[in-house]
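Structure file upload_2.cif; described as mmCIF, C-alpha atoms and all ligand atoms; chains and numbers go by the auth columns.
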```cif
data_final
#
loop_
_atom_site.group_PDB
_atom_site.id
_atom_site.type_symbol
_atom_site.label_atom_id
_atom_site.label_comp_id
_atom_site.label_asym_id
_atom_site.label_seq_id
_atom_site.Cartn_x
_atom_site.Cartn_y
_atom_site.Cartn_z
_atom_site.B_iso_or_equiv
_atom_site.auth_seq_id
_atom_site.auth_asym_id
ATOM 1 C CA MET A 1 119.681 96.146 108.603 0.00 1 S
ATOM 2 C CA ASP A 2 121.827 94.426 111.216 0.00 2 S
ATOM 3 C CA THR A 3 120.038 91.863 113.295 0.00 3 S
ATOM 4 C CA VAL A 4 120.480 91.413 117.052 0.00 4 S
ATOM 5 C CA PHE A 5 121.335 87.770 116.456 0.00 5 S
ATOM 6 C CA PRO A 6 121.902 85.823 113.246 0.00 6 S
ATOM 7 C CA VAL A 7 118.761 85.357 111.119 0.00 7 S
ATOM 8 C CA PRO A 8 117.569 81.757 111.612 0.00 8 S
ATOM 9 C CA PRO A 9 118.560 79.546 108.718 0.00 9 S
ATOM 10 C CA ALA A 10 115.962 78.764 106.057 0.00 10 S
ATOM 11 C CA ILE A 11 114.490 75.271 106.084 0.00 11 S
ATOM 12 C CA LEU A 12 115.282 73.866 102.640 0.00 12 S
ATOM 13 C CA LEU A 13 113.847 70.709 101.100 0.00 13 S
ATOM 14 C CA PRO A 14 115.872 69.074 98.340 0.00 14 S
ATOM 15 C CA VAL A 15 114.024 68.662 95.033 0.00 15 S
ATOM 16 C CA LEU A 16 114.637 65.542 92.971 0.00 16 S
ATOM 17 C CA GLY A 17 116.251 66.189 89.601 0.00 17 S
ATOM 18 C CA THR A 18 117.581 69.648 90.434 0.00 18 S
ATOM 19 C CA SER A 19 120.113 71.350 92.688 0.00 19 S
ATOM 20 C CA ALA A 20 117.565 74.060 93.595 0.00 20 S
ATOM 21 C CA ALA A 21 115.915 73.665 96.982 0.00 21 S
ATOM 22 C CA PHE A 22 112.345 74.354 98.149 0.00 22 S
ATOM 23 C CA PRO A 23 112.288 76.906 101.013 0.00 23 S
ATOM 24 C CA VAL A 24 109.665 76.030 103.630 0.00 24 S
ATOM 25 C CA ARG A 25 107.309 78.730 104.928 0.00 25 S
ATOM 26 C CA ARG A 26 104.447 77.278 106.996 0.00 26 S
ATOM 27 C CA VAL A 27 103.470 73.725 107.872 0.00 27 S
ATOM 28 C CA TYR A 28 99.793 72.791 107.988 0.00 28 S
ATOM 29 C CA CYS A 29 98.383 69.377 108.874 0.00 29 S
ATOM 30 C CA VAL A 30 94.984 67.767 108.312 0.00 30 S
ATOM 31 C CA GLY A 31 93.432 65.656 111.063 0.00 31 S
ATOM 32 C CA ARG A 32 91.568 62.405 110.401 0.00 32 S
ATOM 33 C CA ASN A 33 91.618 62.210 106.619 0.00 33 S
ATOM 34 C CA TYR A 34 91.408 58.412 106.324 0.00 34 S
ATOM 35 C CA ALA A 35 88.286 56.699 107.662 0.00 35 S
ATOM 36 C CA GLU A 36 90.132 53.699 109.159 0.00 36 S
ATOM 37 C CA HIS A 37 92.480 55.990 111.106 0.00 37 S
ATOM 38 C CA ALA A 38 89.580 58.123 112.346 0.00 38 S
ATOM 39 C CA ARG A 39 87.953 54.914 113.633 0.00 39 S
ATOM 40 C CA GLU A 40 91.141 53.692 115.337 0.00 40 S
ATOM 41 C CA MET A 41 91.271 57.051 117.172 0.00 41 S
ATOM 42 C CA GLY A 42 87.708 56.567 118.376 0.00 42 S
ATOM 43 C CA ALA A 43 86.138 59.126 116.016 0.00 43 S
ATOM 44 C CA ASP A 44 83.342 58.774 113.485 0.00 44 S
ATOM 45 C CA PRO A 45 84.661 59.691 110.024 0.00 45 S
ATOM 46 C CA ASP A 46 81.163 60.192 108.675 0.00 46 S
ATOM 47 C CA ARG A 47 80.171 62.836 111.150 0.00 47 S
ATOM 48 C CA GLU A 48 83.406 64.662 111.897 0.00 48 S
ATOM 49 C CA PRO A 49 84.809 66.773 109.065 0.00 49 S
ATOM 50 C CA PRO A 50 88.607 67.050 108.873 0.00 50 S
ATOM 51 C CA PHE A 51 90.251 69.953 110.636 0.00 51 S
ATOM 52 C CA PHE A 52 93.604 71.712 110.495 0.00 52 S
ATOM 53 C CA PHE A 53 96.469 72.207 112.898 0.00 53 S
ATOM 54 C CA GLY A 54 100.071 73.259 112.413 0.00 54 S
ATOM 55 C CA LYS A 55 103.693 72.620 113.142 0.00 55 S
ATOM 56 C CA PRO A 56 106.401 75.278 113.369 0.00 56 S
ATOM 57 C CA GLN A 57 108.475 75.738 110.220 0.00 57 S
ATOM 58 C CA ASP A 58 111.605 74.458 111.922 0.00 58 S
ATOM 59 C CA ALA A 59 109.894 71.229 113.001 0.00 59 S
ATOM 60 C CA VAL A 60 110.596 70.056 109.452 0.00 60 S
ATOM 61 C CA VAL A 61 113.577 67.718 109.199 0.00 61 S
ATOM 62 C CA PRO A 62 114.559 67.709 105.513 0.00 62 S
ATOM 63 C CA GLY A 63 115.456 64.224 104.367 0.00 63 S
ATOM 64 C CA GLY A 64 114.879 62.581 107.756 0.00 64 S
ATOM 65 C CA GLY A 65 117.849 60.891 109.446 0.00 65 S
ATOM 66 C CA ASP A 66 118.552 60.767 113.176 0.00 66 S
ATOM 67 C CA ILE A 67 115.827 62.215 115.398 0.00 67 S
ATOM 68 C CA ALA A 68 116.121 62.457 119.170 0.00 68 S
ATOM 69 C CA TYR A 69 113.280 60.908 121.178 0.00 69 S
ATOM 70 C CA PRO A 70 111.443 64.016 122.412 0.00 70 S
ATOM 71 C CA PRO A 71 111.176 64.887 126.115 0.00 71 S
ATOM 72 C CA ALA A 72 107.892 64.935 128.063 0.00 72 S
ATOM 73 C CA THR A 73 106.328 61.906 126.405 0.00 73 S
ATOM 74 C CA SER A 74 106.316 58.173 126.823 0.00 74 S
ATOM 75 C CA ASN A 75 104.143 57.484 123.785 0.00 75 S
ATOM 76 C CA LEU A 76 105.689 58.920 120.616 0.00 76 S
ATOM 77 C CA HIS A 77 103.663 57.825 117.551 0.00 77 S
ATOM 78 C CA HIS A 78 104.385 57.646 113.814 0.00 78 S
ATOM 79 C CA GLU A 79 101.873 58.928 111.234 0.00 79 S
ATOM 80 C CA VAL A 80 103.002 58.547 107.622 0.00 80 S
ATOM 81 C CA GLU A 81 101.455 61.173 105.329 0.00 81 S
ATOM 82 C CA LEU A 82 101.436 62.597 101.810 0.00 82 S
ATOM 83 C CA VAL A 83 102.948 66.089 101.987 0.00 83 S
ATOM 84 C CA VAL A 84 101.869 68.718 99.459 0.00 84 S
ATOM 85 C CA ALA A 85 104.344 71.515 98.690 0.00 85 S
ATOM 86 C CA LEU A 86 102.959 74.807 97.330 0.00 86 S
ATOM 87 C CA SER A 87 104.766 77.219 95.015 0.00 87 S
ATOM 88 C CA LYS A 88 101.724 79.458 94.636 0.00 88 S
ATOM 89 C CA GLY A 89 99.241 80.578 97.246 0.00 89 S
ATOM 90 C CA GLY A 90 96.135 82.609 97.649 0.00 90 S
ATOM 91 C CA ARG A 91 92.927 83.027 99.603 0.00 91 S
ATOM 92 C CA ASP A 92 89.632 81.314 98.878 0.00 92 S
ATOM 93 C CA ILE A 93 91.231 79.382 96.034 0.00 93 S
ATOM 94 C CA PRO A 94 88.549 77.931 93.721 0.00 94 S
ATOM 95 C CA ILE A 95 88.765 74.156 93.730 0.00 95 S
ATOM 96 C CA GLN A 96 89.506 74.000 89.982 0.00 96 S
ATOM 97 C CA GLN A 97 92.620 76.169 90.519 0.00 97 S
ATOM 98 C CA THR A 98 94.062 74.474 93.588 0.00 98 S
ATOM 99 C CA LEU A 99 96.430 72.101 91.793 0.00 99 S
ATOM 100 C CA GLU A 100 98.028 74.948 89.804 0.00 100 S
ATOM 101 C CA GLY A 101 99.673 76.000 93.055 0.00 101 S
ATOM 102 C CA VAL A 102 101.197 72.610 93.850 0.00 102 S
ATOM 103 C CA PHE A 103 104.936 72.410 93.201 0.00 103 S
ATOM 104 C CA GLY A 104 105.439 68.821 94.251 0.00 104 S
ATOM 105 C CA TYR A 105 104.840 66.013 96.696 0.00 105 S
ATOM 106 C CA ALA A 106 106.781 64.247 99.422 0.00 106 S
ATOM 107 C CA VAL A 107 106.306 61.681 102.155 0.00 107 S
ATOM 108 C CA GLY A 108 106.426 62.952 105.709 0.00 108 S
ATOM 109 C CA ILE A 109 105.903 61.667 109.226 0.00 109 S
ATOM 110 C CA ASP A 110 103.615 63.632 111.545 0.00 110 S
ATOM 111 C CA LEU A 111 105.388 62.610 114.755 0.00 111 S
ATOM 112 C CA THR A 112 102.940 62.859 117.643 0.00 112 S
ATOM 113 C CA ARG A 113 103.183 62.774 121.424 0.00 113 S
ATOM 114 C CA ARG A 114 100.044 60.635 121.660 0.00 114 S
ATOM 115 C CA ASP A 115 99.866 60.801 125.457 0.00 115 S
ATOM 116 C CA LEU A 116 99.857 64.607 125.415 0.00 116 S
ATOM 117 C CA GLN A 117 97.356 64.663 122.546 0.00 117 S
ATOM 118 C CA THR A 118 94.976 62.373 124.431 0.00 118 S
ATOM 119 C CA LYS A 119 95.178 64.624 127.508 0.00 119 S
ATOM 120 C CA ALA A 120 94.642 67.745 125.392 0.00 120 S
ATOM 121 C CA LYS A 121 91.565 66.206 123.754 0.00 121 S
ATOM 122 C CA GLU A 122 90.105 65.293 127.155 0.00 122 S
ATOM 123 C CA LYS A 123 90.609 68.818 128.479 0.00 123 S
ATOM 124 C CA GLY A 124 89.737 70.681 125.289 0.00 124 S
ATOM 125 C CA GLN A 125 93.266 72.129 125.211 0.00 125 S
ATOM 126 C CA PRO A 126 95.388 72.963 122.144 0.00 126 S
ATOM 127 C CA TRP A 127 97.571 70.354 120.462 0.00 127 S
ATOM 128 C CA GLU A 128 100.804 72.348 120.092 0.00 128 S
ATOM 129 C CA THR A 129 102.914 70.353 122.510 0.00 129 S
ATOM 130 C CA ALA A 130 101.513 67.084 121.129 0.00 130 S
ATOM 131 C CA LYS A 131 102.146 67.931 117.476 0.00 131 S
ATOM 132 C CA GLY A 132 104.428 70.931 117.086 0.00 132 S
ATOM 133 C CA PHE A 133 107.581 69.934 118.939 0.00 133 S
ATOM 134 C CA ASP A 134 111.222 69.977 117.765 0.00 134 S
ATOM 135 C CA HIS A 135 111.920 67.686 114.793 0.00 135 S
ATOM 136 C CA SER A 136 108.291 66.510 114.677 0.00 136 S
ATOM 137 C CA GLY A 137 108.047 66.702 110.893 0.00 137 S
ATOM 138 C CA PRO A 138 110.634 64.720 108.927 0.00 138 S
ATOM 139 C CA VAL A 139 109.992 65.105 105.172 0.00 139 S
ATOM 140 C CA SER A 140 111.538 63.304 102.187 0.00 140 S
ATOM 141 C CA PRO A 141 113.012 65.161 99.206 0.00 141 S
ATOM 142 C CA LEU A 142 110.293 66.645 96.999 0.00 142 S
ATOM 143 C CA THR A 143 109.234 65.089 93.722 0.00 143 S
ATOM 144 C CA PRO A 144 108.075 67.885 91.427 0.00 144 S
ATOM 145 C CA VAL A 145 104.718 67.753 89.684 0.00 145 S
ATOM 146 C CA SER A 146 106.643 67.901 86.399 0.00 146 S
ATOM 147 C CA ALA A 147 107.935 64.400 87.196 0.00 147 S
ATOM 148 C CA ILE A 148 104.923 62.765 88.853 0.00 148 S
ATOM 149 C CA GLY A 149 101.793 64.793 88.118 0.00 149 S
ATOM 150 C CA HIS A 150 99.171 64.797 90.868 0.00 150 S
ATOM 151 C CA PRO A 151 98.942 61.352 92.487 0.00 151 S
ATOM 152 C CA GLU A 152 95.334 60.475 93.345 0.00 152 S
ATOM 153 C CA LYS A 153 96.012 56.843 94.143 0.00 153 S
ATOM 154 C CA GLY A 154 98.951 54.693 95.147 0.00 154 S
ATOM 155 C CA ALA A 155 100.246 52.869 98.185 0.00 155 S
ATOM 156 C CA ILE A 156 101.311 54.751 101.311 0.00 156 S
ATOM 157 C CA TRP A 157 103.162 52.660 103.889 0.00 157 S
ATOM 158 C CA LEU A 158 105.470 52.737 106.901 0.00 158 S
ATOM 159 C CA SER A 159 107.585 50.078 108.547 0.00 159 S
ATOM 160 C CA VAL A 160 109.405 50.000 111.882 0.00 160 S
ATOM 161 C CA ASN A 161 112.531 47.824 112.089 0.00 161 S
ATOM 162 C CA GLY A 162 111.458 46.043 108.899 0.00 162 S
ATOM 163 C CA CYS A 163 107.954 45.247 110.163 0.00 163 S
ATOM 164 C CA GLU A 164 105.102 46.913 108.282 0.00 164 S
ATOM 165 C CA LYS A 165 102.874 49.020 110.552 0.00 165 S
ATOM 166 C CA GLN A 166 100.885 51.272 108.234 0.00 166 S
ATOM 167 C CA ARG A 167 99.565 50.649 104.731 0.00 167 S
ATOM 168 C CA GLY A 168 96.874 52.540 102.910 0.00 168 S
ATOM 169 C CA ASP A 169 96.112 54.073 99.559 0.00 169 S
ATOM 170 C CA LEU A 170 95.934 57.743 98.633 0.00 170 S
ATOM 171 C CA SER A 171 92.554 57.041 97.024 0.00 171 S
ATOM 172 C CA SER A 172 91.162 56.451 100.548 0.00 172 S
ATOM 173 C CA MET A 173 91.669 60.059 101.593 0.00 173 S
ATOM 174 C CA ILE A 174 88.311 61.460 102.722 0.00 174 S
ATOM 175 C CA TRP A 175 89.249 64.940 101.441 0.00 175 S
ATOM 176 C CA SER A 176 91.324 65.136 98.248 0.00 176 S
ATOM 177 C CA VAL A 177 94.380 67.357 97.875 0.00 177 S
ATOM 178 C CA SER A 178 92.236 69.848 95.918 0.00 178 S
ATOM 179 C CA GLU A 179 89.562 69.904 98.592 0.00 179 S
ATOM 180 C CA VAL A 180 92.153 70.289 101.363 0.00 180 S
ATOM 181 C CA ILE A 181 93.798 73.275 99.629 0.00 181 S
ATOM 182 C CA ALA A 182 90.465 74.911 98.821 0.00 182 S
ATOM 183 C CA GLN A 183 89.218 74.529 102.394 0.00 183 S
ATOM 184 C CA LEU A 184 92.481 75.605 104.041 0.00 184 S
ATOM 185 C CA SER A 185 92.635 78.718 101.836 0.00 185 S
ATOM 186 C CA GLY A 186 89.305 79.725 103.349 0.00 186 S
ATOM 187 C CA PHE A 187 90.999 80.026 106.746 0.00 187 S
ATOM 188 C CA VAL A 188 94.433 81.446 105.848 0.00 188 S
ATOM 189 C CA THR A 189 96.207 83.013 102.905 0.00 189 S
ATOM 190 C CA LEU A 190 98.391 80.269 101.500 0.00 190 S
ATOM 191 C CA ALA A 191 101.785 81.180 100.063 0.00 191 S
ATOM 192 C CA PRO A 192 104.757 79.705 98.225 0.00 192 S
ATOM 193 C CA GLY A 193 106.733 77.467 100.588 0.00 193 S
ATOM 194 C CA ASP A 194 103.739 76.158 102.485 0.00 194 S
ATOM 195 C CA LEU A 195 103.600 72.427 103.225 0.00 195 S
ATOM 196 C CA ILE A 196 100.415 70.506 103.954 0.00 196 S
ATOM 197 C CA PHE A 197 100.523 67.127 105.707 0.00 197 S
ATOM 198 C CA THR A 198 97.345 65.474 104.431 0.00 198 S
ATOM 199 C CA GLY A 199 96.557 62.921 107.136 0.00 199 S
ATOM 200 C CA THR A 200 97.555 59.367 107.943 0.00 200 S
ATOM 201 C CA PRO A 201 96.103 55.931 107.167 0.00 201 S
ATOM 202 C CA ALA A 202 95.401 53.414 109.930 0.00 202 S
ATOM 203 C CA GLY A 203 98.110 51.608 111.863 0.00 203 S
ATOM 204 C CA VAL A 204 99.668 54.426 113.880 0.00 204 S
ATOM 205 C CA GLY A 205 101.696 53.212 116.815 0.00 205 S
ATOM 206 C CA PRO A 206 104.534 53.874 119.241 0.00 206 S
ATOM 207 C CA LEU A 207 108.228 54.410 118.506 0.00 207 S
ATOM 208 C CA VAL A 208 111.075 53.819 120.921 0.00 208 S
ATOM 209 C CA ARG A 209 114.771 54.698 120.938 0.00 209 S
ATOM 210 C CA GLY A 210 116.699 52.724 118.361 0.00 210 S
ATOM 211 C CA ASP A 211 113.749 52.234 116.001 0.00 211 S
ATOM 212 C CA GLN A 212 114.480 52.432 112.275 0.00 212 S
ATOM 213 C CA VAL A 213 111.504 53.849 110.418 0.00 213 S
ATOM 214 C CA HIS A 214 111.193 53.440 106.665 0.00 214 S
ATOM 215 C CA CYS A 215 108.246 54.842 104.751 0.00 215 S
ATOM 216 C CA GLY A 216 107.107 55.785 101.296 0.00 216 S
ATOM 217 C CA ILE A 217 104.426 56.575 98.799 0.00 217 S
ATOM 218 C CA GLU A 218 104.287 54.966 95.370 0.00 218 S
ATOM 219 C CA GLY A 219 106.231 57.107 92.905 0.00 219 S
ATOM 220 C CA LEU A 220 107.866 59.433 95.487 0.00 220 S
ATOM 221 C CA ALA A 221 111.254 59.483 97.188 0.00 221 S
ATOM 222 C CA GLU A 222 111.287 57.347 100.334 0.00 222 S
ATOM 223 C CA LEU A 223 112.018 58.575 103.854 0.00 223 S
ATOM 224 C CA ASP A 224 114.077 56.986 106.634 0.00 224 S
ATOM 225 C CA ILE A 225 114.411 58.118 110.216 0.00 225 S
ATOM 226 C CA ARG A 226 116.071 56.628 113.268 0.00 226 S
ATOM 227 C CA ILE A 227 114.879 57.468 116.767 0.00 227 S
ATOM 228 C CA ASN A 228 117.811 58.142 119.111 0.00 228 S
HETATM 229 MN MN MN B . 98.639 63.405 111.188 0.00 301 S
#
```
Translate the structure described by the file into structure tokens.
Ligand code: MN
Amino acid sequence: MDTVFPVPPAILLPVLGTSAAFPVRRVYCVGRNYAEHAREMGADPDREPPFFFGKPQDAVVPGGGDIAYPPATSNLHHEVELVVALSKGGRDIPIQQTLEGVFGYAVGIDLTRRDLQTKAKEKGQPWETAKGFDHSGPVSPLTPVSAIGHPEKGAIWLSVNGCEKQRGDLSSMIWSVSEVIAQLSGFVTLAPGDLIFTGTPAGVGPLVRGDQVHCGIEGLAELDIRIN
């Protein structure tokens, strides 16, 4: 059927070791999945279970690169995160079967308008404008499970202009990748193409125009962005 305007382009993530790309469907994010980060945000990691929010599909910036400083904020923050890419979905996925649906892993940055998020928290309002804005989800090329397996530990880090700001270890995640997938599949039907940002370690902080951000996770492709 003809469309009244051109169908929006697919969001495609490159996959290391192949010319085939990974088409993105939905983008889910986990809040407060590292105890030290929960504490730095003024929350108690022992009493507050993680929760989910989302970004629009086209917030994903495959491979990073230049990103415009977003409007309506004066406190844009970086949050480096392990990103899980699914090639199989389902509902109420049993925890033992969760990893069968994982195609690969990447490093992503959950860019956040911290000032808007703080206001939203105070007023009990939704986080969309704080989390789901244009270009708010740069993601590195995917490393397939066939090449890396399922990383349960390893350094996760981010630097700004050569100065390290965040460093943690995947083993410090409060909820594992399996647990995140199992829980999320109790709320929504997951499907091939879904990405899950799994939360950030401590050290989040502001970015300004001109900043060069470099980040990575042991064993995965690295990610660079520049704020313009
Ligand atoms: Mn985050």
Name each residue within 6 Å of ligand MN 301 (chain S), counting all atoms listed in the file, as a ChimeraX atom specification.
-> /S:31,79,110,199-200
Length of the atom CA of Leu142 of chain S to atom CA of Asn161 of chain S vector [Å] =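 Pair atom CA of Leu142 of chain S / atom CA of Asn161 of chain S returns 24.2 Å.
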Which residues come within 12 Å of Ile95 of chain S, counting only C-alpha atoms, excluding same-chain residues fewer than 2 positions away, as a PDB file with C-alpha atoms, keeping the file's coordinate frame?
```pdb
ATOM      1  CA  GLY S  90      96.135  82.609  97.649  1.00  0.00           C
ATOM      2  CA  ARG S  91      92.927  83.027  99.603  1.00  0.00           C
ATOM      3  CA  ASP S  92      89.632  81.314  98.878  1.00  0.00           C
ATOM      4  CA  ILE S  93      91.231  79.382  96.034  1.00  0.00           C
ATOM      5  CA  GLN S  97      92.620  76.169  90.519  1.00  0.00           C
ATOM      6  CA  THR S  98      94.062  74.474  93.588  1.00  0.00           C
ATOM      7  CA  LEU S  99      96.430  72.101  91.793  1.00  0.00           C
ATOM      8  CA  GLU S 100      98.028  74.948  89.804  1.00  0.00           C
ATOM      9  CA  GLY S 101      99.673  76.000  93.055  1.00  0.00           C
ATOM     10  CA  SER S 176      91.324  65.136  98.248  1.00  0.00           C
ATOM     11  CA  VAL S 177      94.380  67.357  97.875  1.00  0.00           C
ATOM     12  CA  SER S 178      92.236  69.848  95.918  1.00  0.00           C
ATOM     13  CA  GLU S 179      89.562  69.904  98.592  1.00  0.00           C
ATOM     14  CA  VAL S 180      92.153  70.289 101.363  1.00  0.00           C
ATOM     15  CA  ILE S 181      93.798  73.275  99.629  1.00  0.00           C
ATOM     16  CA  ALA S 182      90.465  74.911  98.821  1.00  0.00           C
ATOM     17  CA  GLN S 183      89.218  74.529 102.394  1.00  0.00           C
ATOM     18  CA  LEU S 184      92.481  75.605 104.041  1.00  0.00           C
ATOM     19  CA  SER S 185      92.635  78.718 101.836  1.00  0.00           C
ATOM     20  CA  GLY S 186      89.305  79.725 103.349  1.00  0.00           C
TER      21      GLY S 186
END
```
Determine, counting only C-alpha atoms, which protein, DNA and RNA residues have an atom within 7 Å of an atom of segment 202-215 of chain S; residues of the same chain fewer than 6 positions away are not included. Present the result as a PyMOL selection string.
-> chain S and resi 36-37+40+69+75-79+157-161+165-166+222-228
Which polymer residues have any atom within 8 Å of an atom of Val139 of chain S, counting all atoms listed in the file, with same-chain residues fewer than 6 positions away left out, as a list in words?
-> Leu13, Val60, Val61, Pro62, Gly63, Gly64, Val83, Ala106, Val107, Gly108, Ile109 and Leu223 of chain S
Would you mind reading off the distance between atom CA of Phe103 of chain S and atom CA of Phe133 of chain S, one decimal, in Å?
-> 26.0 Å
Go ahead and compute the interatomic distance for atom CA of Asp58 of chain S and atom CA of Ile156 of chain S, in Å to one decimal.
-> 24.6 Å
Determine the residue set returned by the PyMOL selection byres (((chain S and resi 151) around 9) and not hetatm) for the present structure, and present it as a ChimeraX atom specification.
-> /S:105,148-150,152-154,170-171,218-219
Keeping C-alpha atoms, export the residues of the selection given above as a PDB file, keeping the file's coordinate frame.
```
ATOM      1  CA  TYR S 105     104.840  66.013  96.696  1.00  0.00           C
ATOM      2  CA  ILE S 148     104.923  62.765  88.853  1.00  0.00           C
ATOM      3  CA  GLY S 149     101.793  64.793  88.118  1.00  0.00           C
ATOM      4  CA  HIS S 150      99.171  64.797  90.868  1.00  0.00           C
ATOM      5  CA  GLU S 152      95.334  60.475  93.345  1.00  0.00           C
ATOM      6  CA  LYS S 153      96.012  56.843  94.143  1.00  0.00           C
ATOM      7  CA  GLY S 154      98.951  54.693  95.147  1.00  0.00           C
ATOM      8  CA  LEU S 170      95.934  57.743  98.633  1.00  0.00           C
ATOM      9  CA  SER S 171      92.554  57.041  97.024  1.00  0.00           C
ATOM     10  CA  GLU S 218     104.287  54.966  95.370  1.00  0.00           C
ATOM     11  CA  GLY S 219     106.231  57.107  92.905  1.00  0.00           C
TER      12      GLY S 219
END
```
Determine the residue membership of the PyMOL selection byres (((chain S and resi 174) around 7) and not hetatm) for the file above and supply it as a list in words.
->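 Here the PyMOL selection byres (((chain S and resi 174) around 7) and not hetatm) matches Asn33, Tyr34, Ala35, Ser172, Met173, Trp175 and Ser176 of chain S.
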Residue subset to file, keeping C-alpha atoms, as a PDB file, keeping the file's coordinate frame:
```
ATOM      1  CA  ASN S  33      91.618  62.210 106.619  1.00  0.00           C
ATOM      2  CA  TYR S  34      91.408  58.412 106.324  1.00  0.00           C
ATOM      3  CA  ALA S  35      88.286  56.699 107.662  1.00  0.00           C
ATOM      4  CA  SER S 172      91.162  56.451 100.548  1.00  0.00           C
ATOM      5  CA  MET S 173      91.669  60.059 101.593  1.00  0.00           C
ATOM      6  CA  TRP S 175      89.249  64.940 101.441  1.00  0.00           C
ATOM      7  CA  SER S 176      91.324  65.136  98.248  1.00  0.00           C
TER       8      SER S 176
END
```
Between S:Asp44, S:Asp194, S:Glu164, S:Glu81, single out the one closest to Leu111 of chain S, counting only C-alpha atoms.
->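 Closest residue, counting only C-alpha atoms: S:Glu81.
Comparing S:Asp115, S:Asp2, S:Asp169, S:Asp134 by their smallest distance to Pro70 of chain S, the closest is S:Asp134 (using all atoms listed in the file).
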Determine, counting only C-alpha atoms, which protein, DNA and RNA residues have an atom within 9 Å of an atom of Gly54 of chain S; residues of the same chain fewer than 2 positions away are not included. Present the result as a compact mmCIF listing (two decimals) with C-alpha atoms, keeping the file's coordinate frame.
```
# COMPACT_ATOMS: atom_id res chain seq x y z
CA ARG S 26 104.45 77.28 107.00
CA VAL S 27 103.47 73.72 107.87
CA TYR S 28 99.79 72.79 107.99
CA CYS S 29 98.38 69.38 108.87
CA VAL S 30 94.98 67.77 108.31
CA PHE S 52 93.60 71.71 110.50
CA PRO S 56 106.40 75.28 113.37
CA TRP S 127 97.57 70.35 120.46
CA GLU S 128 100.80 72.35 120.09
CA LYS S 131 102.15 67.93 117.48
CA GLY S 132 104.43 70.93 117.09
CA ILE S 196 100.42 70.51 103.95
```
Find the residue from S:His135, S:Thr18, S:Val24, S:Leu86 that sits nearest to Ile67 of chain S; use only C-alpha atoms when measuring.
->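 Of all the options, S:His135 lies closest to Ile67 of chain S.
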Counting all atoms listed in the file, the option among S:Ala72, S:Val188, S:Ala21, S:Ala147 closest to Arg113 of chain S |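 Selected residue with least distance to Arg113 of chain S: S:Ala72.
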Considering all atoms listed in the file, state which residue in the set S:Arg167, S:Arg25, S:Lys88, S:Arg114 is at the smallest distance from Gln57 of chain S.
->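 Between S:Arg167, S:Arg25, S:Lys88, S:Arg114, the residue approaching Gln57 of chain S most closely is S:Arg25.
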Kindly add N, CA, C and O atoms to the incomplete segment 163-172 of chain S and provide the output as a PDB file, in the coordinates of the input.
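Result went into out34.pdb, see below:
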```
ATOM      1  N   CYS S 163     109.293  45.825 109.984  1.00  0.00           N
ATOM      2  CA  CYS S 163     107.954  45.247 110.163  1.00  0.00           C
ATOM      3  C   CYS S 163     106.910  46.293 109.750  1.00  0.00           C
ATOM      4  O   CYS S 163     106.876  47.388 110.313  1.00  0.00           O
ATOM      5  N   GLU S 164     106.064  45.928 108.787  1.00  0.00           N
ATOM      6  CA  GLU S 164     105.102  46.913 108.282  1.00  0.00           C
ATOM      7  C   GLU S 164     104.042  47.257 109.325  1.00  0.00           C
ATOM      8  O   GLU S 164     103.428  46.372 109.914  1.00  0.00           O
ATOM      9  N   LYS S 165     103.846  48.555 109.553  1.00  0.00           N
ATOM     10  CA  LYS S 165     102.874  49.020 110.552  1.00  0.00           C
ATOM     11  C   LYS S 165     101.699  49.746 109.917  1.00  0.00           C
ATOM     12  O   LYS S 165     100.570  49.667 110.418  1.00  0.00           O
ATOM     13  N   GLN S 166     101.957  50.517 108.885  1.00  0.00           N
ATOM     14  CA  GLN S 166     100.885  51.272 108.234  1.00  0.00           C
ATOM     15  C   GLN S 166     100.896  50.960 106.744  1.00  0.00           C
ATOM     16  O   GLN S 166     101.957  50.885 106.124  1.00  0.00           O
ATOM     17  N   ARG S 167      99.722  50.766 106.183  1.00  0.00           N
ATOM     18  CA  ARG S 167      99.565  50.649 104.731  1.00  0.00           C
ATOM     19  C   ARG S 167      98.178  51.144 104.355  1.00  0.00           C
ATOM     20  O   ARG S 167      97.185  50.746 104.948  1.00  0.00           O
ATOM     21  N   GLY S 168      98.143  52.032 103.395  1.00  0.00           N
ATOM     22  CA  GLY S 168      96.874  52.540 102.910  1.00  0.00           C
ATOM     23  C   GLY S 168      97.028  52.912 101.457  1.00  0.00           C
ATOM     24  O   GLY S 168      98.021  52.562 100.817  1.00  0.00           O
ATOM     25  N   ASP S 169      96.039  53.619 100.938  1.00  0.00           N
ATOM     26  CA  ASP S 169      96.112  54.073  99.559  1.00  0.00           C
ATOM     27  C   ASP S 169      95.620  55.522  99.505  1.00  0.00           C
ATOM     28  O   ASP S 169      94.656  55.874 100.195  1.00  0.00           O
ATOM     29  N   LEU S 170      96.304  56.324  98.715  1.00  0.00           N
ATOM     30  CA  LEU S 170      95.934  57.743  98.633  1.00  0.00           C
ATOM     31  C   LEU S 170      94.477  57.921  98.211  1.00  0.00           C
ATOM     32  O   LEU S 170      93.844  58.923  98.554  1.00  0.00           O
ATOM     33  N   SER S 171      93.938  56.931  97.483  1.00  0.00           N
ATOM     34  CA  SER S 171      92.554  57.041  97.024  1.00  0.00           C
ATOM     35  C   SER S 171      91.569  56.956  98.190  1.00  0.00           C
ATOM     36  O   SER S 171      90.379  57.260  98.027  1.00  0.00           O
ATOM     37  N   SER S 172      92.043  56.546  99.371  1.00  0.00           N
ATOM     38  CA  SER S 172      91.162  56.451 100.548  1.00  0.00           C
ATOM     39  C   SER S 172      91.073  57.754 101.327  1.00  0.00           C
ATOM     40  O   SER S 172      90.392  57.811 102.358  1.00  0.00           O
TER      41      SER S 172
END
```
